[in-house]
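One structure below.
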Amino acid sequence: MKLILTHENADFDAVAAQLAAYKLEPTAIPVLPRRLNYNVRDFLHLYGSALPHMTVRDLPRGPVDSVTVVDTQSVLTVRGMRPNTPAHIIDHHPLSEPLRPHQTYSGEPVGATTTLLVELIREAGVTLTPIEATLLTLGIYEDTGSLLYGTTTARDIAAAAWLVAKGADLDVVRRFLQHPLNEEQRELYDRLLQNTSVVDVHGHAVAIAAVGLEGNIDQISTVAHKLRELLEPAALFMLVQMGSRVQLVARSTVDEIDVGRIAEQLGGGGHSRAAAALIEDGDLSATRRKLEALLEDLVEPAVKVADLMSTGVVRTVPADMSVREISQEMRRSGHEGYPVVQDGALVGLLTRQAVDKAMAHRLGHLPVSQIMESGRVFVQPSDSIGYLQEQMMRSGWGQIPVVDADGNLIGIVTRTDLIKRWGQPDNGISRRKEIVRRLEAALSPGLLHLVRVVSQQAQEMNLGLYCVGGFVRDLLLARPNTDIDLVVEGDAIALVRQLVERYGGAMRKHAQFGTATWLLDAKVAASFGGGGDWPDTLDFVTARTEFYENPTALPTVEQSSIKLDLHRRDFTINTLAIRLAPEPFGQLLDFWGGERDLRAGQIRVLHSLSFVDDPTRILRAARFEQRFGFRIEERTLGLIEKALPLLDRVSGPRLRHELELILAEARPELVLRRLQDLGVLARLQPDLAADDWLFAAFEALRQARQTPPWTLREMTNTRDGWELAQFVVLCCRLKVEDAERIGRRLQVKRRTLDEVADGIKTYRMRLPALAEWQKPSTVVRLLGGLSDVGLVVAWAIAPTYPARTQIVRYVTEWKAVRQTLTGHDLRALGVPPGPEYGRLLRRLRDARLDGEVQTPEDERALALQLLAEFKEGNHDAQE
């Protein structure tokens, strides 16, 4: 026979999952454990006769062929089972230990095990009675806190909704989930309440209740539920000593406190919001001390204002500034509001809405003090998110200034910051450790040591230091990239100056842009004990923001915060940063949903004017999309379409730079085809095409680079030559005048134009002639004068085997062939100096190439014959 088992102290999810497994396999027997929760027991007393569950005592005798184990990973043993009875485990928690040979597992991270099985029931079209639907709903509701726990998923909600449609009675659900305490539980509740202390653990209010009992009490988890409802802590840990055992029941309401992980350390388990453990031969005081130590190690710090605020340069407005002046500043900067100060003190907040309204009523002459929201509403970096929310709700302000302990304005935190935090990935201790592990794997030991040294120096100088952009993006994508971009919130030049003074090297700075480069030399290597597996330089940039005075123009740059620095970037996937200083080292900053877009595989701009500010981002969007195999999301596609005409106003060098970056990609033809689909190529030149011909030609260029058909001296170890070859291939099917036009538009070098002109001639004249076998002398005349780039292009776009073969033979054999006679020899033979020298020498070389002459004597004889013909021709001309 086949059984369906679950854990002792079974709750509704356990018993409901048994029912669901039975509905999927009616020949199996759901066996109730010996101990049930009170509310489950009472439900079965009323409705058990309509359900298939059986007790161990009523189980028929006989061997057990296999078991299904639900809502637990510990297999209970019942009569008829063998040590190796096949067992299939179904649970909504990940496996906690390796499976044994006779065990299998299925499960996914949802709020309740019952959800997984209800989905299968729905898919199989299994019918349910109203009582069965109600029990299944109880299973989902109990384990998800009536769908309110953070571990609840959309799948749990969908399953519960389907069960309600199938007749589940929510009044019954409510009655059994809000079960009243019995007399013993009420007494325990009162004692626990008197022995509860609330402690601060990394910014969280954690309630710990501990009592000792002489006897045993069942269902203490119900008491824990009531305590949590009364105290409303971030987490509750209830310890009850009963004889030689200590029972732990834990509940959490925040993601940062995973009670399941903590219970595991005490021999128990559960999930992040509800868990339990039974400590055999335990001592209440010792267990509490161990619990408190575990809390310090495993609880993630609470999110504080410091984690959301924008720091760095805080823009303020003097109270006597005119509305007209600040209106112009808001249009220029795009800011939605400013703190207002008077005599150095915060006196209010000015919003764009108030400014726009005043300007609409022609009140631009008024001082901002007359239209601002007055008050001294502020928070400090250490304040909790809850306190920030209270301040926002009480004041109605969408932007709250942040001040330090001395009252100095140091930052701003906005309603948008709170909104953007929703749905963000975990960024606590475990996540930071993961980021650090990724850094250790991605960077060489020397470079990682340098990063830590720089971080420590920034920490000592009270500066913010961050890895940003492409390095962080590729780190999360597990793609190789050691090109670290370091952004300093403060003075980058001052930081590098201190590094040079302390460790050596030199500094190259650009004060106008707030950038500095640390030049690393042997002295720096000696400071770190030798080695040298790091780059020659490290670049530092001061955090800045950008304002575009006009569309397509280069931006105006001003010093700013890391948040605003990231906001000026092109796409969300490039706005990620890793905090290096101040602590905590390794914290991922994701203000704009970059990691979410990485996981979704999409390219998304930050705001609707992104392509208006910089239309070259259109080319970058296609480049990143094809490099990573992502897709440009729909809204961004719409913005690209609207911004296409602005490409006509972008300077040639900027367009050329983007095209060079595209040609440096591993598969540039993919990007070019995407640009063709987007209409970009047509704006550059209507006849440019990224078709099958171009794909084949680019593939041939890659083949030539990996396995050169001949020694490519001009192009060895250089990327520029190959990118030039690709550009020639892209343009060689154009008309000469069109190629000249696109060359002028991109402001390319004269050499590039010459190579393109040669490429056009190759495509239109040389290759058609070489499509059939030609004499070697003809091939030399066709290909003579082409550079390595021109020859590689010719080989790559050659349409036939004869053409490619003849190009290779030209380079490897025929190009070096020379006649043995020289101009001196011709003079000795009586040929007067003049243009005839060149014609005769070329004719002699052609004869040697084509096999008409083999030796110097043959060549001399042919020269005499040609000379005679020349003299005879001259004589006839004179007559």
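Going through the structure tokens in order, the chains are called A, B, and so on, while each chain numbers its residues from 1 and the ligands are numbered from 1 in the order shown.
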Can you tell me, as number ranges by chain, what residues are no more than 9 Å from range 454-463 of chain A when counting only C-alpha atoms, ignoring any on the same chain fewer than 2 positions away?
A: 449-452, 465-466, 488-492, 495-496, 498-499, 580-583, 585
Go ahead and save the residues from that selection, with N, CA and C atoms, as a compact mmCIF listing (two decimals), in the first residue's frame.
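Listed below is the output, out-v4.txt:
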```
# COMPACT_ATOMS: atom_id res chain seq x y z
N HIS A 449 43.17 43.90 -3.35
CA HIS A 449 43.85 44.54 -2.23
C HIS A 449 43.90 46.05 -2.43
N LEU A 450 44.16 46.47 -3.66
CA LEU A 450 44.17 47.90 -3.97
C LEU A 450 42.81 48.54 -3.68
N VAL A 451 41.76 47.86 -4.09
CA VAL A 451 40.41 48.39 -3.87
C VAL A 451 40.14 48.55 -2.38
N ARG A 452 40.57 47.57 -1.58
CA ARG A 452 40.34 47.66 -0.14
C ARG A 452 41.18 48.78 0.48
N LEU A 465 32.75 56.21 -1.50
CA LEU A 465 33.48 55.63 -2.62
C LEU A 465 32.67 54.45 -3.15
N TYR A 466 32.50 54.39 -4.48
CA TYR A 466 31.63 53.39 -5.07
C TYR A 466 32.22 52.85 -6.38
N VAL A 488 33.64 59.02 -6.46
CA VAL A 488 33.86 59.54 -5.12
C VAL A 488 32.77 60.56 -4.81
N GLU A 489 32.10 60.35 -3.70
CA GLU A 489 31.11 61.32 -3.22
C GLU A 489 31.88 62.31 -2.35
N GLY A 490 32.32 63.38 -2.97
CA GLY A 490 33.20 64.34 -2.30
C GLY A 490 34.27 64.80 -3.27
N ASP A 491 35.52 64.84 -2.83
CA ASP A 491 36.62 65.36 -3.63
C ASP A 491 37.52 64.23 -4.08
N ALA A 492 37.38 63.79 -5.34
CA ALA A 492 38.19 62.70 -5.86
C ALA A 492 39.66 63.07 -5.91
N LEU A 495 41.29 62.70 -2.53
CA LEU A 495 41.49 61.29 -2.18
C LEU A 495 42.74 60.74 -2.86
N VAL A 496 42.91 61.00 -4.14
CA VAL A 496 44.07 60.48 -4.86
C VAL A 496 45.34 61.12 -4.33
N GLN A 498 45.98 62.01 -1.28
CA GLN A 498 46.35 61.32 -0.04
C GLN A 498 46.91 59.93 -0.34
N LEU A 499 46.35 59.24 -1.34
CA LEU A 499 46.87 57.92 -1.70
C LEU A 499 48.31 58.01 -2.19
N LEU A 580 31.86 51.00 -1.39
CA LEU A 580 33.16 50.60 -0.84
C LEU A 580 33.46 51.36 0.44
N ALA A 581 32.96 52.58 0.54
CA ALA A 581 33.10 53.39 1.75
C ALA A 581 32.02 54.48 1.68
N PRO A 582 31.47 54.91 2.82
CA PRO A 582 31.71 54.33 4.15
C PRO A 582 31.05 52.95 4.28
N GLU A 583 31.28 52.32 5.40
CA GLU A 583 30.68 51.01 5.63
C GLU A 583 29.16 51.08 5.48
N PHE A 585 30.84 47.84 3.49
CA PHE A 585 31.54 47.47 2.26
C PHE A 585 30.75 46.36 1.56
```
Which residues, written as a compact mmCIF listing (two decimals) with all heavy atoms, in the first residue's frame, have at least one atom at most 8 Å from Gly601 in chain A, with only C-alpha atoms counted and residues fewer than 5 positions away on the same chain left out?
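Generated output (around_1.txt):
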```txt
# COMPACT_ATOMS: atom_id res chain seq x y z
N PHE A 628 24.10 41.37 -24.73
CA PHE A 628 23.64 40.54 -23.61
C PHE A 628 22.49 39.61 -23.99
O PHE A 628 22.06 38.81 -23.16
CB PHE A 628 23.20 41.44 -22.45
CG PHE A 628 24.29 42.33 -21.92
CD1 PHE A 628 24.11 43.70 -21.84
CD2 PHE A 628 25.50 41.81 -21.52
CE1 PHE A 628 25.10 44.53 -21.36
CE2 PHE A 628 26.51 42.63 -21.04
CZ PHE A 628 26.31 43.99 -20.96
N GLY A 629 22.00 39.72 -25.21
CA GLY A 629 20.85 38.91 -25.58
C GLY A 629 19.59 39.37 -24.87
O GLY A 629 18.69 38.57 -24.60
N PHE A 630 19.51 40.68 -24.58
CA PHE A 630 18.35 41.25 -23.91
C PHE A 630 17.35 41.74 -24.95
O PHE A 630 17.47 41.45 -26.14
CB PHE A 630 18.78 42.43 -23.02
CG PHE A 630 19.47 42.02 -21.75
CD1 PHE A 630 19.81 40.69 -21.49
CD2 PHE A 630 19.81 42.97 -20.78
CE1 PHE A 630 20.44 40.32 -20.31
CE2 PHE A 630 20.45 42.62 -19.61
CZ PHE A 630 20.76 41.29 -19.37
N ARG A 631 16.36 42.48 -24.49
CA ARG A 631 15.39 43.12 -25.40
C ARG A 631 15.15 44.55 -24.90
O ARG A 631 15.17 44.82 -23.70
CB ARG A 631 14.07 42.35 -25.43
CG ARG A 631 13.40 42.23 -24.08
CD ARG A 631 12.08 41.50 -24.13
NE ARG A 631 11.51 41.38 -22.79
CZ ARG A 631 10.86 42.34 -22.16
NH1 ARG A 631 10.69 43.52 -22.75
NH2 ARG A 631 10.38 42.16 -20.95
```
Output as number ranges by chain all residues of range 569-727 of chain A that backbone DSSP marks as strand (DSSP E or B).
A: 571, 577-581, 587-589, 602-603, 605, 631-632
CA of Lys735 in chain A to CA of Ser787 in chain A measures 21.1 Å
Env of Ile257 in chain A: 10 Å cut, atoms = only C-alpha atoms, seq-sep filter 2 positions within chain, self excluded. Answer as a list in words.
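The residues satisfying every condition are Val201, His204, Val206, Ala234, Ala235, Arg251, Ser252, Thr253, Val254, Asp255, Val259, Gly260, Arg261, Ile262, Ser272, Arg273, Leu295, Leu298, Val299, Glu300, Pro301 and Ala302 of chain A.
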Residue contacts of Ala441 in chain A (12 Å, only C-alpha atoms) excluding same-chain residues fewer than 3 positions away, as an MDAnalysis selection string
chainID A and resid 434:438 444:445 447:448 475:476 478:482
Please provide the set of residues having any atom within 6 Å of range 655-657 of chain A, restricted to only C-alpha atoms, with same-chain residues fewer than 3 positions apart removed, written as a PyMOL selection string.
chain A and resi 652+660+746
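Around range 691-701 of chain A, within 10 Å and counting only C-alpha atoms, the residues found are Arg667, Pro668, Glu669, Leu670, Leu672, Arg673, Gln676, Arg705, Gln706, Thr707, Pro708, Trp722, Glu723, Ala725, Gln726, Val729, Leu730, Val792, Val793, Ala794, Trp795, Ala796, Ile797, Ala798 and Pro799 of chain A, once anything fewer than 4 positions away on its own chain is removed.
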Atomic separation - CA of Tyr387 in chain A relative to CA of Val340 in chain A, Å:
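Atom-to-atom, CA of Val340 in chain A to CA of Tyr387 in chain A, that is 22.0 Å.
The two atoms in question, CA of His53 in chain A and CA of Leu32 in chain A, are spaced 6.4 Å apart.
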Surrounding residues of Thr144 in chain A excluding itself and chain neighbours under 3 positions, 12 Å, only C-alpha atoms, as a ChimeraX atom specification
/A:12-13,92,110-115,137-141,147-157,160,177,251-253,271-274
Dump as a JSON list (two decimals), in the first residue's frame, selection limited to C-alpha atoms:
```json
[["chain", "number", "residue", "atom", "x", "y", "z"],
["A", 12, "PHE", "CA", -3.64, 23.02, 8.55],
["A", 13, "ASP", "CA", -1.07, 23.19, 5.76],
["A", 92, "HIS", "CA", 7.56, 24.55, -0.10],
["A", 110, "VAL", "CA", 5.66, 29.44, -2.30],
["A", 111, "GLY", "CA", 3.77, 30.36, 0.86],
["A", 112, "ALA", "CA", 2.24, 26.93, 1.53],
["A", 113, "THR", "CA", 2.79, 23.33, 0.43],
["A", 114, "THR", "CA", -0.95, 23.09, -0.21],
["A", 115, "THR", "CA", -0.57, 25.70, -2.99],
["A", 137, "THR", "CA", -8.01, 27.07, 1.89],
["A", 138, "LEU", "CA", -7.24, 26.73, 5.62],
["A", 139, "GLY", "CA", -3.89, 25.19, 4.67],
["A", 140, "ILE", "CA", -2.97, 28.13, 2.48],
["A", 141, "TYR", "CA", -4.35, 30.82, 4.78],
["A", 147, "LEU", "CA", -2.18, 35.93, 2.56],
["A", 148, "LEU", "CA", -0.47, 38.76, 4.47],
["A", 149, "TYR", "CA", 3.00, 37.31, 5.16],
["A", 150, "GLY", "CA", 5.84, 38.55, 3.03],
["A", 151, "THR", "CA", 6.44, 34.96, 1.87],
["A", 152, "THR", "CA", 3.01, 34.90, 0.20],
["A", 153, "THR", "CA", 3.26, 34.63, -3.57],
["A", 154, "ALA", "CA", 0.84, 35.38, -6.39],
["A", 155, "ARG", "CA", 0.46, 31.62, -6.79],
["A", 156, "ASP", "CA", -0.87, 31.28, -3.23],
["A", 157, "ILE", "CA", -3.41, 34.02, -3.85],
["A", 160, "ALA", "CA", -6.95, 30.47, -2.71],
["A", 177, "LEU", "CA", -7.78, 30.40, 12.28],
["A", 251, "ARG", "CA", 7.45, 34.57, 14.20],
["A", 252, "SER", "CA", 8.71, 37.43, 12.02],
["A", 253, "THR", "CA", 7.08, 40.29, 10.15],
["A", 271, "HIS", "CA", 10.34, 29.35, 6.84],
["A", 272, "SER", "CA", 11.36, 33.00, 7.05],
["A", 273, "ARG", "CA", 8.16, 34.16, 8.82],
["A", 274, "ALA", "CA", 7.32, 31.16, 11.06]]
```
For Thr416 in chain A, which of A:Trp592, A:Lys775, A:Val69, A:Ala522 is the closest residue, counting only C-alpha atoms?
A:Trp592
From the set A:His365, A:Arg315, A:Arg654, A:Arg473, which residue has the shortest atom-to-atom contact distance to Leu564 in chain A, counting only C-alpha atoms?
A:Arg315
For Arg394 in chain A, which of A:Leu120, A:Val377, A:Leu688, A:Ile632 is the closest residue, counting only C-alpha atoms?
A:Val377
Determine the nearest neighbour of Asp258 in chain A from the options A:Ala689, A:Leu59, A:Leu782, A:Leu236, counting only C-alpha atoms.
A:Leu236
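Running DSSP on the backbone gives helix (DSSP H, G or I) for these residues within range 246-325 of chain A: Val259, Gly260, Arg261, Ile262, Ala263, Glu264, Leu284, Ser285, Ala286, Thr287, Arg288, Arg289, Lys290, Leu291, Glu292, Ala293, Leu294, Leu295, Glu296, Asp297, Leu298, Val305, Ala306, Asp307, Leu308, Val323, Arg324 and Glu325 of chain A.
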